[in-house]
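What follows is the content of input-v7.txt (compact mmCIF, C-alpha atoms).
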```
# COMPACT_ATOMS: atom_id res chain seq x y z
CA MET A 1 23.06 16.28 34.54
CA THR A 2 23.91 19.35 32.47
CA HIS A 3 21.28 20.05 29.81
CA ILE A 4 21.62 21.96 26.55
CA ALA A 5 18.47 22.78 24.59
CA VAL A 6 18.72 23.31 20.82
CA VAL A 7 15.67 24.98 19.29
CA GLY A 8 15.60 24.13 15.59
CA GLY A 9 16.38 20.83 13.91
CA SER A 10 17.73 21.96 10.55
CA LEU A 11 21.35 22.52 9.46
CA ALA A 12 22.44 24.92 12.22
CA GLY A 13 20.77 22.83 14.94
CA LEU A 14 22.27 19.61 13.63
CA ARG A 15 25.77 21.10 13.46
CA ALA A 16 25.35 22.36 17.01
CA VAL A 17 24.48 18.89 18.30
CA GLU A 18 27.31 17.23 16.40
CA THR A 19 29.83 19.78 17.68
CA LEU A 20 28.68 19.36 21.27
CA ARG A 21 29.37 15.63 21.04
CA THR A 22 32.64 15.82 19.12
CA ASP A 23 33.90 18.41 21.61
CA GLY A 24 33.24 16.04 24.48
CA PHE A 25 29.89 17.11 25.93
CA THR A 26 28.33 14.07 27.62
CA GLY A 27 25.30 15.76 29.17
CA GLU A 28 21.71 15.82 27.99
CA ILE A 29 20.77 17.43 24.65
CA THR A 30 17.19 18.11 23.62
CA VAL A 31 16.41 19.24 20.07
CA VAL A 32 13.06 20.97 19.55
CA ASN A 33 12.28 20.50 15.85
CA ALA A 34 9.15 22.16 14.44
CA GLU A 35 9.19 19.95 11.34
CA ASP A 36 8.12 16.34 11.37
CA ALA A 37 11.25 15.29 9.50
CA ALA A 38 14.87 14.46 10.16
CA PRO A 39 17.38 17.22 9.23
CA TYR A 40 17.53 17.77 5.47
CA ASP A 41 19.38 20.07 3.08
CA ARG A 42 17.36 23.06 1.88
CA PRO A 43 19.30 24.26 -1.23
CA PRO A 44 18.17 21.28 -3.37
CA LEU A 45 14.50 22.09 -2.66
CA SER A 46 14.45 24.66 -5.47
CA LYS A 47 16.71 22.64 -7.78
CA LYS A 48 17.39 18.87 -7.77
CA PHE A 49 14.41 17.95 -5.59
CA LEU A 50 11.98 20.30 -7.30
CA SER A 51 13.05 18.99 -10.69
CA GLY A 52 12.30 15.41 -9.64
CA GLU A 53 15.90 14.33 -10.17
CA TRP A 54 16.33 13.70 -6.42
CA GLU A 55 13.90 12.27 -3.90
CA ALA A 56 13.59 13.10 -0.20
CA ASP A 57 16.07 10.45 0.92
CA ARG A 58 18.77 12.07 -1.22
CA ILE A 59 18.63 15.38 0.66
CA GLN A 60 18.83 13.98 4.19
CA LEU A 61 21.78 15.56 5.96
CA ARG A 62 22.58 12.41 7.95
CA LYS A 63 21.58 8.76 8.03
CA PRO A 64 19.11 7.80 10.79
CA SER A 65 21.85 5.75 12.45
CA ASP A 66 24.12 8.80 12.56
CA ILE A 67 21.40 10.85 14.23
CA GLU A 68 20.78 8.10 16.77
CA GLU A 69 24.47 7.87 17.64
CA LEU A 70 24.46 11.50 18.75
CA GLY A 71 22.49 10.48 21.82
CA ALA A 72 20.19 13.50 21.73
CA THR A 73 16.44 13.61 22.33
CA TRP A 74 14.72 14.84 19.16
CA LEU A 75 11.25 16.29 19.66
CA ASN A 76 9.96 16.39 16.08
CA ALA A 77 6.74 18.18 15.13
CA THR A 78 7.18 20.21 18.32
CA GLN A 79 7.41 23.98 18.66
CA ALA A 80 8.97 26.20 21.28
CA THR A 81 6.39 28.75 22.38
CA ALA A 82 8.25 30.75 25.02
CA LEU A 83 11.68 31.31 26.52
CA ASN A 84 12.44 32.76 29.94
CA VAL A 85 16.03 33.95 30.06
CA ALA A 86 15.88 34.73 33.77
CA THR A 87 14.71 31.27 34.86
CA HIS A 88 16.39 29.25 32.05
CA GLU A 89 13.04 27.75 31.03
CA LEU A 90 11.90 26.75 27.56
CA THR A 91 8.17 26.17 27.07
CA LEU A 92 6.84 23.89 24.31
CA ASN A 93 3.49 23.68 22.54
CA THR A 94 2.98 20.37 24.34
CA SER A 95 2.82 22.39 27.59
CA SER A 96 6.12 20.82 28.68
CA VAL A 97 8.75 23.08 30.22
CA LEU A 98 12.45 22.31 29.78
CA ASN A 99 15.10 23.65 32.14
CA TYR A 100 18.42 24.28 30.44
CA ASP A 101 21.97 25.20 31.35
CA ALA A 102 22.55 26.61 27.86
CA CYS A 103 20.21 27.17 24.92
CA ILE A 104 20.99 27.47 21.21
CA ILE A 105 18.33 29.14 19.06
CA ALA A 106 18.43 27.91 15.46
CA THR A 107 14.83 28.35 14.36
CA GLY A 108 15.67 29.71 10.91
CA GLY A 109 13.12 31.70 8.95
CA ILE A 110 9.50 31.68 7.84
CA ALA A 111 8.48 32.37 4.24
CA ARG A 112 6.88 35.79 3.93
CA GLU A 113 3.36 36.09 2.52
CA LEU A 114 1.71 38.82 0.50
CA PRO A 115 -0.81 41.03 2.30
CA GLN A 116 -4.18 39.27 2.17
CA GLN A 117 -2.66 36.34 0.28
CA PRO A 118 -5.50 33.93 -0.60
CA GLN A 119 -5.42 30.29 0.45
CA ALA A 120 -6.21 28.53 -2.81
CA ARG A 121 -5.06 25.62 -4.91
CA GLY A 122 -1.98 26.47 -6.95
CA ILE A 123 -0.53 29.14 -4.61
CA HIS A 124 2.75 28.08 -3.05
CA GLN A 125 5.75 29.15 -1.04
CA LEU A 126 9.06 27.35 -0.93
CA ARG A 127 10.78 26.92 2.40
CA THR A 128 10.21 23.35 3.60
CA LEU A 129 10.31 19.86 2.16
CA HIS A 130 6.51 19.79 2.31
CA ASP A 131 6.39 23.05 0.33
CA ALA A 132 8.69 21.64 -2.34
CA GLN A 133 6.71 18.40 -2.64
CA ALA A 134 3.46 20.29 -3.14
CA LEU A 135 4.97 22.64 -5.73
CA ARG A 136 6.68 19.81 -7.63
CA GLU A 137 3.38 18.01 -8.14
CA GLU A 138 1.97 21.03 -9.94
CA LEU A 139 4.93 21.90 -12.18
CA GLN A 140 3.76 19.81 -15.11
CA PRO A 141 4.57 20.44 -18.81
CA GLY A 142 2.47 23.24 -20.24
CA LYS A 143 1.59 24.80 -16.90
CA LYS A 144 1.88 28.58 -16.56
CA LEU A 145 3.95 29.51 -13.49
CA VAL A 146 4.16 33.05 -12.13
CA VAL A 147 6.93 33.66 -9.60
CA ILE A 148 6.44 36.71 -7.39
CA GLY A 149 9.89 37.93 -6.38
CA ALA A 150 13.17 37.74 -8.30
CA GLY A 151 15.35 36.58 -5.43
CA PHE A 152 17.58 33.53 -5.45
CA ILE A 153 14.91 30.99 -4.50
CA GLY A 154 12.40 32.38 -6.98
CA LEU A 155 14.88 32.41 -9.85
CA GLU A 156 16.17 28.93 -9.08
CA ALA A 157 12.61 27.64 -9.05
CA ALA A 158 11.93 29.47 -12.32
CA ALA A 159 14.89 27.76 -13.97
CA THR A 160 13.75 24.37 -12.67
CA ALA A 161 10.19 24.94 -13.87
CA VAL A 162 11.35 25.78 -17.39
CA ALA A 163 13.29 22.51 -17.48
CA ARG A 164 10.06 20.74 -16.49
CA GLY A 165 8.27 22.25 -19.49
CA CYS A 166 6.45 25.14 -17.80
CA THR A 167 5.95 28.65 -19.13
CA VAL A 168 7.43 31.00 -16.55
CA THR A 169 6.99 34.68 -15.76
CA VAL A 170 8.82 36.34 -12.86
CA VAL A 171 7.49 39.64 -11.49
CA GLU A 172 9.66 41.84 -9.29
CA GLY A 173 8.93 45.18 -7.62
CA LEU A 174 12.51 46.45 -7.76
CA PRO A 175 14.33 47.66 -10.91
CA ALA A 176 16.39 44.45 -11.30
CA PRO A 177 16.56 40.84 -10.11
CA LEU A 178 18.75 40.00 -7.09
CA ILE A 179 19.15 43.69 -6.36
CA ARG A 180 19.39 43.21 -2.59
CA GLY A 181 22.18 40.67 -2.89
CA LEU A 182 24.14 41.95 -5.87
CA GLY A 183 23.06 45.51 -6.65
CA GLU A 184 21.10 46.66 -9.68
CA GLU A 185 23.74 46.46 -12.42
CA MET A 186 25.19 43.11 -11.39
CA GLY A 187 21.79 41.65 -10.53
CA ARG A 188 20.68 42.29 -14.08
CA ALA A 189 23.93 40.94 -15.52
CA ALA A 190 24.00 37.79 -13.38
CA THR A 191 20.49 36.78 -14.44
CA ALA A 192 20.70 37.54 -18.15
CA ILE A 193 20.73 33.82 -18.89
CA HIS A 194 17.05 33.60 -17.95
CA ALA A 195 16.00 35.56 -21.04
CA THR A 196 17.88 33.17 -23.32
CA GLN A 197 16.10 30.22 -21.70
CA GLY A 198 12.61 31.65 -22.13
CA VAL A 199 11.93 33.06 -18.64
CA ALA A 200 10.15 36.41 -18.79
CA ILE A 201 11.39 38.65 -15.94
CA ARG A 202 9.32 41.79 -15.45
CA CYS A 203 10.75 44.35 -13.03
CA ASN A 204 9.32 47.57 -11.57
CA VAL A 205 6.04 45.71 -11.17
CA ARG A 206 3.60 46.11 -8.30
CA VAL A 207 1.55 43.03 -7.40
CA LEU A 208 -2.04 44.05 -6.73
CA GLY A 209 -3.31 40.60 -5.83
CA ILE A 210 -3.77 36.99 -6.83
CA ASP A 211 -6.96 36.03 -8.68
CA THR A 212 -8.75 32.76 -7.99
CA ASN A 213 -11.81 30.97 -9.33
CA ALA A 214 -13.51 28.05 -7.58
CA ASN A 215 -10.65 27.99 -5.09
CA SER A 216 -7.97 27.66 -7.78
CA VAL A 217 -5.50 30.31 -8.89
CA THR A 218 -6.11 31.93 -12.29
CA GLY A 219 -3.66 34.82 -12.44
CA VAL A 220 -1.67 37.59 -10.79
CA ARG A 221 -2.92 41.16 -11.03
CA ILE A 222 -0.10 43.65 -11.54
CA SER A 223 0.51 47.30 -12.20
CA ASP A 224 3.48 48.71 -14.11
CA ALA A 225 4.33 51.61 -16.40
CA THR A 226 1.83 50.35 -18.99
CA GLY A 227 -1.05 50.20 -16.51
CA GLU A 228 -2.88 47.35 -14.80
CA SER A 229 -3.06 43.83 -16.23
CA VAL A 230 -3.36 40.17 -15.29
CA VAL A 231 -0.62 37.60 -15.85
CA PRO A 232 -2.41 34.25 -16.37
CA ALA A 233 -1.26 31.50 -14.00
CA ASP A 234 -1.98 27.88 -13.24
CA VAL A 235 0.61 27.97 -10.45
CA VAL A 236 1.95 30.88 -8.37
CA LEU A 237 5.10 30.82 -6.26
CA VAL A 238 5.34 33.63 -3.71
CA GLY A 239 9.07 34.11 -3.23
CA ILE A 240 9.40 37.43 -1.42
CA GLY A 241 11.93 36.35 1.17
CA VAL A 242 11.86 35.02 4.69
CA ALA A 243 11.37 36.54 8.12
CA PRO A 244 13.41 35.24 11.07
CA ALA A 245 11.34 32.88 13.23
CA THR A 246 11.31 34.95 16.41
CA GLN A 247 7.62 35.44 17.24
CA TRP A 248 7.84 32.89 20.04
CA LEU A 249 10.48 35.00 21.81
CA ASP A 250 8.12 37.83 22.81
CA GLY A 251 8.65 38.50 26.51
CA SER A 252 11.74 36.30 26.65
CA GLY A 253 14.11 39.04 27.75
CA LEU A 254 16.05 38.83 24.48
CA THR A 255 16.50 41.75 22.09
CA VAL A 256 14.80 40.96 18.78
CA ASN A 257 15.25 43.23 15.76
CA ASP A 258 14.94 41.40 12.43
CA GLY A 259 16.56 38.46 14.16
CA VAL A 260 17.86 37.59 17.60
CA VAL A 261 20.39 40.30 18.40
CA CYS A 262 23.68 38.79 19.61
CA ASP A 263 27.14 39.98 20.50
CA ALA A 264 30.27 38.98 18.59
CA HIS A 265 30.19 35.55 20.28
CA LEU A 266 26.66 34.76 18.99
CA GLN A 267 25.45 35.20 22.57
CA ALA A 268 22.05 36.86 22.98
CA ALA A 269 21.94 36.59 26.80
CA PRO A 270 24.04 34.70 29.34
CA GLY A 271 23.86 31.07 28.26
CA VAL A 272 21.63 31.76 25.22
CA PHE A 273 23.14 31.67 21.74
CA ALA A 274 21.73 31.97 18.22
CA ALA A 275 22.87 30.56 14.88
CA GLY A 276 21.82 30.63 11.24
CA ASP A 277 19.07 32.65 9.58
CA VAL A 278 17.66 33.79 12.92
CA ALA A 279 20.88 35.31 14.29
CA ARG A 280 21.84 38.99 14.01
CA TRP A 281 25.35 39.41 15.32
CA ILE A 282 28.40 41.65 15.35
CA ASN A 283 30.70 40.44 12.60
CA GLY A 284 34.11 41.85 13.43
CA LEU A 285 35.23 41.83 9.79
CA TYR A 286 32.48 44.26 8.81
CA SER A 287 31.41 45.90 12.07
CA ASP A 288 32.88 49.27 11.07
CA LEU A 289 30.45 49.33 8.11
CA GLU A 290 27.52 47.32 9.51
CA PRO A 291 27.03 47.33 13.30
CA THR A 292 25.21 43.98 13.06
CA MET A 293 24.31 41.64 10.24
CA ARG A 294 22.03 38.70 9.55
CA VAL A 295 22.97 36.25 6.78
CA GLU A 296 20.50 33.78 5.27
CA HIS A 297 22.89 31.32 3.65
CA TRP A 298 23.94 27.70 4.04
CA THR A 299 27.59 28.26 4.94
CA THR A 300 26.77 30.73 7.69
CA ALA A 301 24.18 28.38 9.24
CA ALA A 302 26.63 25.48 9.24
CA GLU A 303 29.51 27.47 10.72
CA GLN A 304 27.44 29.34 13.28
CA GLY A 305 25.75 26.17 14.52
CA ALA A 306 29.14 24.71 15.37
CA HIS A 307 30.46 27.98 16.79
CA ALA A 308 27.43 28.57 18.99
CA ALA A 309 27.83 25.05 20.38
CA ARG A 310 31.45 25.65 21.32
CA ASN A 311 30.58 28.91 23.04
CA ALA A 312 27.69 27.21 24.87
CA LEU A 313 30.23 24.72 26.24
CA ALA A 314 32.57 27.57 27.14
CA HIS A 315 29.74 29.23 29.05
CA ILE A 316 28.99 26.04 30.98
CA ASN A 317 32.68 25.47 31.70
CA ASN A 318 33.26 29.14 32.59
CA THR A 319 35.98 29.55 29.96
CA PRO A 320 36.39 32.47 27.50
CA LEU A 321 33.98 32.77 24.59
CA VAL A 322 35.37 33.12 21.06
CA PRO A 323 34.04 35.72 18.57
CA TYR A 324 32.60 34.53 15.27
CA SER A 325 34.00 36.62 12.42
CA ALA A 326 33.62 35.42 8.85
CA VAL A 327 33.35 36.54 5.25
CA PRO A 328 29.76 35.70 4.23
CA PHE A 329 29.47 33.36 1.24
CA PHE A 330 26.60 32.14 -0.88
CA TRP A 331 26.03 30.49 -4.22
CA SER A 332 23.14 29.86 -6.58
CA ASP A 333 22.81 27.53 -9.58
CA GLN A 334 20.59 28.86 -12.38
CA PHE A 335 20.50 26.98 -15.68
CA THR A 336 24.19 26.57 -16.64
CA SER A 337 25.39 29.49 -14.51
CA ARG A 338 26.77 29.28 -10.99
CA ILE A 339 26.53 32.57 -9.12
CA GLN A 340 28.93 32.93 -6.17
CA PHE A 341 29.37 35.86 -3.82
CA LEU A 342 31.89 36.51 -1.07
CA GLY A 343 31.48 39.42 1.33
CA ARG A 344 28.84 42.14 1.30
CA SER A 345 27.30 44.26 -1.44
CA THR A 346 25.39 46.61 0.89
CA ASP A 347 25.91 50.31 0.02
CA ALA A 348 28.77 49.56 -2.37
CA GLU A 349 30.23 52.80 -3.73
CA GLU A 350 31.83 51.28 -6.81
CA ILE A 351 31.53 47.99 -8.68
CA CYS A 352 34.14 46.96 -11.22
CA VAL A 353 34.21 43.94 -13.55
CA VAL A 354 37.68 42.50 -12.97
CA ALA A 355 37.62 39.31 -15.05
CA GLY A 356 35.69 37.80 -17.91
CA SER A 357 32.86 39.43 -19.82
CA VAL A 358 29.32 40.37 -18.81
CA ASP A 359 28.22 39.97 -22.43
CA GLU A 360 29.47 36.38 -22.45
CA GLY A 361 27.77 35.62 -19.13
CA LYS A 362 31.01 34.58 -17.43
CA PHE A 363 32.62 37.26 -15.30
CA ALA A 364 33.79 38.42 -11.87
CA ALA A 365 33.12 41.80 -10.26
CA ALA A 366 34.65 43.51 -7.24
CA TYR A 367 32.70 45.73 -4.82
CA MET A 368 34.22 48.75 -3.05
CA ARG A 369 33.11 50.62 0.04
CA ALA A 370 35.06 52.96 2.32
CA GLY A 371 38.12 52.60 0.14
CA ARG A 372 38.46 48.84 0.48
CA LEU A 373 37.34 45.63 -1.14
CA VAL A 374 34.11 44.45 0.54
CA GLY A 375 32.68 41.88 -1.86
CA VAL A 376 33.39 39.75 -4.91
CA LEU A 377 30.81 38.34 -7.33
CA GLY A 378 31.48 35.58 -9.79
CA VAL A 379 29.26 34.13 -12.49
CA SER A 380 30.78 30.79 -13.48
CA MET A 381 34.23 31.98 -12.32
CA PRO A 382 35.06 30.09 -9.10
CA LYS A 383 38.80 30.33 -9.62
CA VAL A 384 38.59 34.10 -9.29
CA VAL A 385 36.01 34.26 -6.51
CA MET A 386 37.14 31.70 -3.95
CA PRO A 387 40.76 32.91 -3.50
CA SER A 388 39.35 36.39 -2.84
CA ARG A 389 38.35 35.37 0.68
CA LYS A 390 41.87 36.17 1.94
CA LEU A 391 41.72 39.66 0.41
CA LEU A 392 38.44 40.33 2.18
CA GLU A 393 39.65 39.00 5.52
CA VAL A 394 42.54 41.48 5.68
CA HIS A 395 40.55 44.52 4.45
CA THR A 396 42.55 44.88 1.23
CA SER A 397 42.49 48.42 -0.12
CA TRP A 398 40.59 49.07 -3.35
CA GLU A 399 43.75 50.01 -5.23
CA ALA A 400 45.58 46.86 -4.09
CA ALA A 401 42.57 44.70 -4.96
CA LEU A 402 42.37 46.09 -8.50
CA GLU A 403 46.10 45.51 -8.92
CA HIS A 404 45.61 41.92 -7.75
CA TYR A 405 42.88 41.22 -10.30
CA ALA A 406 44.80 42.99 -13.07
CA GLY A 407 47.69 40.68 -12.31
CA LEU A 408 45.44 37.63 -12.69
CA ALA A 409 44.26 38.87 -16.08
CA SER A 410 47.82 39.34 -17.31
```
In C-alpha cells, how does this file's structure come out?
Amino acid sequence: MTHIAVVGGSLAGLRAVETLRTDGFTGEITVVNAEDAAPYDRPPLSKKFLSGEWEADRIQLRKPSDIEELGATWLNATQATALNVATHELTLNTSSVLNYDACIIATGGIARELPQQPQARGIHQLRTLHDAQALREELQPGKKLVVIGAGFIGLEAAATAVARGCTVTVVEGLPAPLIRGLGEEMGRAATAIHATQGVAIRCNVRVLGIDTNANSVTGVRISDATGESVVPADVVLVGIGVAPATQWLDGSGLTVNDGVVCDAHLQAAPGVFAAGDVARWINGLYSDLEPTMRVEHWTTAAEQGAHAARNALAHINNTPLVPYSAVPFFWSDQFTSRIQFLGRSTDAEEICVVAGSVDEGKFAAAYMRAGRLVGVLGVSMPKVVMPSRKLLEVHTSWEAALEHYAGLAS
C-alpha cells in the first residue's frame, strides 16, 4: 500500500491530510506529531485563550470524530529524529523507522531563547498550548510583565495582559516595534495604540540578562542611551521570534538554510515536500526581488499544507507538479486595532499612506520596490487592504497603484 508520511500535526499537517483524502488518496497516512494534543489553532494563544475568554476545546481545529474519519495514523507525542532522502526512511524517537512513498515536512518553528536564558519560575515563551496555559496562570491583576521583543506575538500578549490587569513593559532592540514586518515608520504608527492603553514600549534597548532570586524572576537587566538599569518583573515573556524546526534534518540530504529549501512546487527533494513555517520556497510572484522566502503566518501554512499534499499525490502518480505562488497575508489584533498586511515590506524603497490618517490610528499604506506595488498595510481598514491582492498579483506599477488609491479616496 502506498504510504505518505506527514511530519507535523499542526495546521499545515492537518490540511495536508485532509487534502490527501478529499483528493482521493486511499493509501496509508502517518502523522508524526511532536505535541501530545490534537491539532489546534495557534493565533488565539496570544489573544482569546491567553485572556481566559476561550478554553482549549474552543481552539481545536477539528472535532475528534472529524480527525478519526480521515483514517490516518496519528503518532502524538512523537518526534522525527532523522530523514534519509535516498532510502525514503523516516526515523522516530521511538526507534521506529517508517518507509514512505512521499513525505510532507510541516514541523513549524521553535521559539527562540535568549543566550544563557535562565530556567526559572515566571520566565515564559509562547508557541504551544502548554506555553499559553502556563503564561495565563501567571497573568494576574497587579503583576508586572516584561515582554522581550516587540513582534506580533509579544505585542498581542502585551495587549491581553493589560486587559487582565497587569502592568506591561515591552523592550525591543530595534528602533521601532514590528520593524521586520512593517518597516520603522509604519511599525511605530501601527502600534501607537499601545501607549494610549498604558503599555510602555522601549526601543533601542539591549537586554543584558534576566535576574532571578530563589528560582523566581525579579527583573530584566537592560542597557539603553541612559545607561544600564533593571525593569522589575514578576513575569517575563521572551518573544524574540521562532526558528524553523529543522535540526532533525541534519544529514538528510536536504538543503537547509533558515528553513527547508524547496523549489517553486514546495519540493525539497524527489518525493519530499515542505509546508508552513518550516518551508523556504521560490515564490514566483516575488522571485525577481527575493530568490526564496519563508513566511510564518496562518494563511501560508494552511494553503501550503494543501498544496504540498496535491504535489505529493502528483509525484506518486507521475503527473506534473504545480507551482505555489501567492501574495503573503497576515493579520494581528491588538486592543481595538486590526493590523493586516498583504505582500512584502522587505527593502521597500518608498512607503505612502494612501487612505485614512496615521494620527487617527486608522489608515492604509502602500509599499513600493523596483517601481511596483509590493505590499499594502492596513490598520483597521480591511476594505482598502483586501482588494489590493489583485493589484499585487499582477505587479501593478507604483504610478498605477497610487492612481488606484487616489480614486478610492475621491
- Query: Which polymer residues have any atom within 9 Å of an atom of Arg180 in chain A, counting all atoms listed in the file, with same-chain residues fewer than 2 positions away left out, as a list of chain:residue names?
  - Reply: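 Those residues are A:Gly151, A:Pro177, A:Leu178, A:Leu182, A:Gly183, A:Glu184, A:Gly187, A:Ser345, A:Thr346.
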Shell of 12 Å around His307 in chain A, only C-alpha atoms, local chain residues under 3 positions omitted, as an mmCIF file with C-alpha atoms, keeping the file's coordinate frame:
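Result saved to around.cif:
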```cif
data_model
loop_
_atom_site.group_PDB
_atom_site.id
_atom_site.type_symbol
_atom_site.label_atom_id
_atom_site.label_comp_id
_atom_site.auth_asym_id
_atom_site.auth_seq_id
_atom_site.Cartn_x
_atom_site.Cartn_y
_atom_site.Cartn_z
ATOM 1 C CA ALA A 12 22.440 24.920 12.220
ATOM 2 C CA GLY A 13 20.770 22.830 14.940
ATOM 3 C CA ARG A 15 25.770 21.100 13.460
ATOM 4 C CA ALA A 16 25.350 22.360 17.010
ATOM 5 C CA VAL A 17 24.480 18.890 18.300
ATOM 6 C CA GLU A 18 27.310 17.230 16.400
ATOM 7 C CA THR A 19 29.830 19.780 17.680
ATOM 8 C CA LEU A 20 28.680 19.360 21.270
ATOM 9 C CA ASP A 23 33.900 18.410 21.610
ATOM 10 C CA ILE A 104 20.990 27.470 21.210
ATOM 11 C CA ALA A 264 30.270 38.980 18.590
ATOM 12 C CA HIS A 265 30.190 35.550 20.280
ATOM 13 C CA LEU A 266 26.660 34.760 18.990
ATOM 14 C CA GLN A 267 25.450 35.200 22.570
ATOM 15 C CA PHE A 273 23.140 31.670 21.740
ATOM 16 C CA ALA A 274 21.730 31.970 18.220
ATOM 17 C CA ALA A 275 22.870 30.560 14.880
ATOM 18 C CA GLY A 276 21.820 30.630 11.240
ATOM 19 C CA THR A 300 26.770 30.730 7.690
ATOM 20 C CA ALA A 301 24.180 28.380 9.240
ATOM 21 C CA ALA A 302 26.630 25.480 9.240
ATOM 22 C CA GLU A 303 29.510 27.470 10.720
ATOM 23 C CA GLN A 304 27.440 29.340 13.280
ATOM 24 C CA ARG A 310 31.450 25.650 21.320
ATOM 25 C CA ASN A 311 30.580 28.910 23.040
ATOM 26 C CA ALA A 312 27.690 27.210 24.870
ATOM 27 C CA LEU A 313 30.230 24.720 26.240
ATOM 28 C CA ALA A 314 32.570 27.570 27.140
ATOM 29 C CA LEU A 321 33.980 32.770 24.590
ATOM 30 C CA VAL A 322 35.370 33.120 21.060
ATOM 31 C CA PRO A 323 34.040 35.720 18.570
ATOM 32 C CA TYR A 324 32.600 34.530 15.270
ATOM 33 C CA SER A 325 34.000 36.620 12.420
ATOM 34 C CA ALA A 326 33.620 35.420 8.850
#
```
- In Å, with one decimal, what is the gap from CA of Asn33 in chain A to CA of Asn283 in chain A?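 Straight-line distance from CA of Asn33 in chain A to CA of Asn283 in chain A works out to 27.3 Å.
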Might I get the box with edges along x, y and z of the file that holds all atoms of range 143-151 of chain A listed there, padded by 6 Å on every side, given as centre and edge lengths in Å to one decimal, as JSON?
```
{"center_x": 8.5, "center_y": 31.4, "center_z": -11.2, "size_x": 25.8, "size_y": 25.1, "size_z": 23.5}
```
- Message: So that I can check the surroundings of Ala269 in chain A, please list as a PyMOL selection string every protein, DNA and RNA residue that reaches within 12 Å of it, counting all atoms listed in the file and ignoring chain neighbours fewer than 5 positions away.
- Response: chain A and resi 83-86+88+102-105+252-256+260-264+274+312+315
- Message: Around the point (19.1, 19.5, 4.9) (coordinates from the file), which residues reach within 10 Å if we count all atoms listed in the file? Answer as a list in words.
- Response: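 Collected hits near the coordinates: Gly9, Ser10, Leu11, Ala12, Leu14, Ala38, Pro39, Tyr40, Asp41, Arg42, Pro43, Pro44, Leu45, Ala56, Arg58, Ile59, Gln60, Leu61, Arg62, Thr128, Leu129 and Trp298 of chain A.
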- Pick from A:Glu360, A:Asp224, A:Glu69, A:Asp131 nearest to Leu174 in chain A, counting all atoms listed in the file: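 Going through A:Glu360, A:Asp224, A:Glu69, A:Asp131 one by one, the smallest distance to Leu174 in chain A is for A:Asp224.
One distance worth recording is that between CA of Thr78 in chain A and CA of Gly108 in chain A, which is 14.7 Å.
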- Grab the CA of Asn257 in chain A to CA of Pro291 in chain A distance for me, in Å with one decimal place. 12.7 Å
- Find the residues near range 230-242 of chain A: any atom within 10 Å, counting all atoms listed in the file, skip ones fewer than 4 places away on the same chain, and give them as a VMD selection string. chain A and resid 108 to 114 117 121 to 127 135 138 to 140 142 to 155 157 to 158 166 to 173 207 to 212 216 to 223 277 296
- Message: From the options A:Ala163, A:Ile29, A:Ala80, A:Val353, which residue's atoms come nearest to Lys47 in chain A, counting all atoms listed in the file?
- Response: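 So, comparing all the options, the nearest one is A:Ala163.
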- Pick the closest to Lys390 in chain A from A:Ala190, A:Val162, A:Val205, A:Val374: which is it, counting only C-alpha atoms?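 Residue with the minimum atom-to-atom distance to Lys390 in chain A: A:Val374.
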- Task: Kindly indicate which residue among A:Gly356, A:Pro175, A:Pro320, A:Gly227 lies nearest to Asn204 in chain A, using all atoms listed in the file for the distances.
- Result: A:Pro175
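Closest to Thr91 in chain A among A:Ala134, A:Val7, A:Val394, A:Ala306 is A:Val7, based on only C-alpha atoms.
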- Pick out the closest residue to Ala77 in chain A from this set: A:Arg369, A:Thr299, A:Thr94, A:Asp101. Count only C-alpha atoms. A:Thr94
- Test item: residues at most 10 Å from Ile193 in chain A, only C-alpha atoms, excluding those fewer than 5 positions along its chain, as a ChimeraX atom specification: /A:159,188,198-199,334-337,360-361
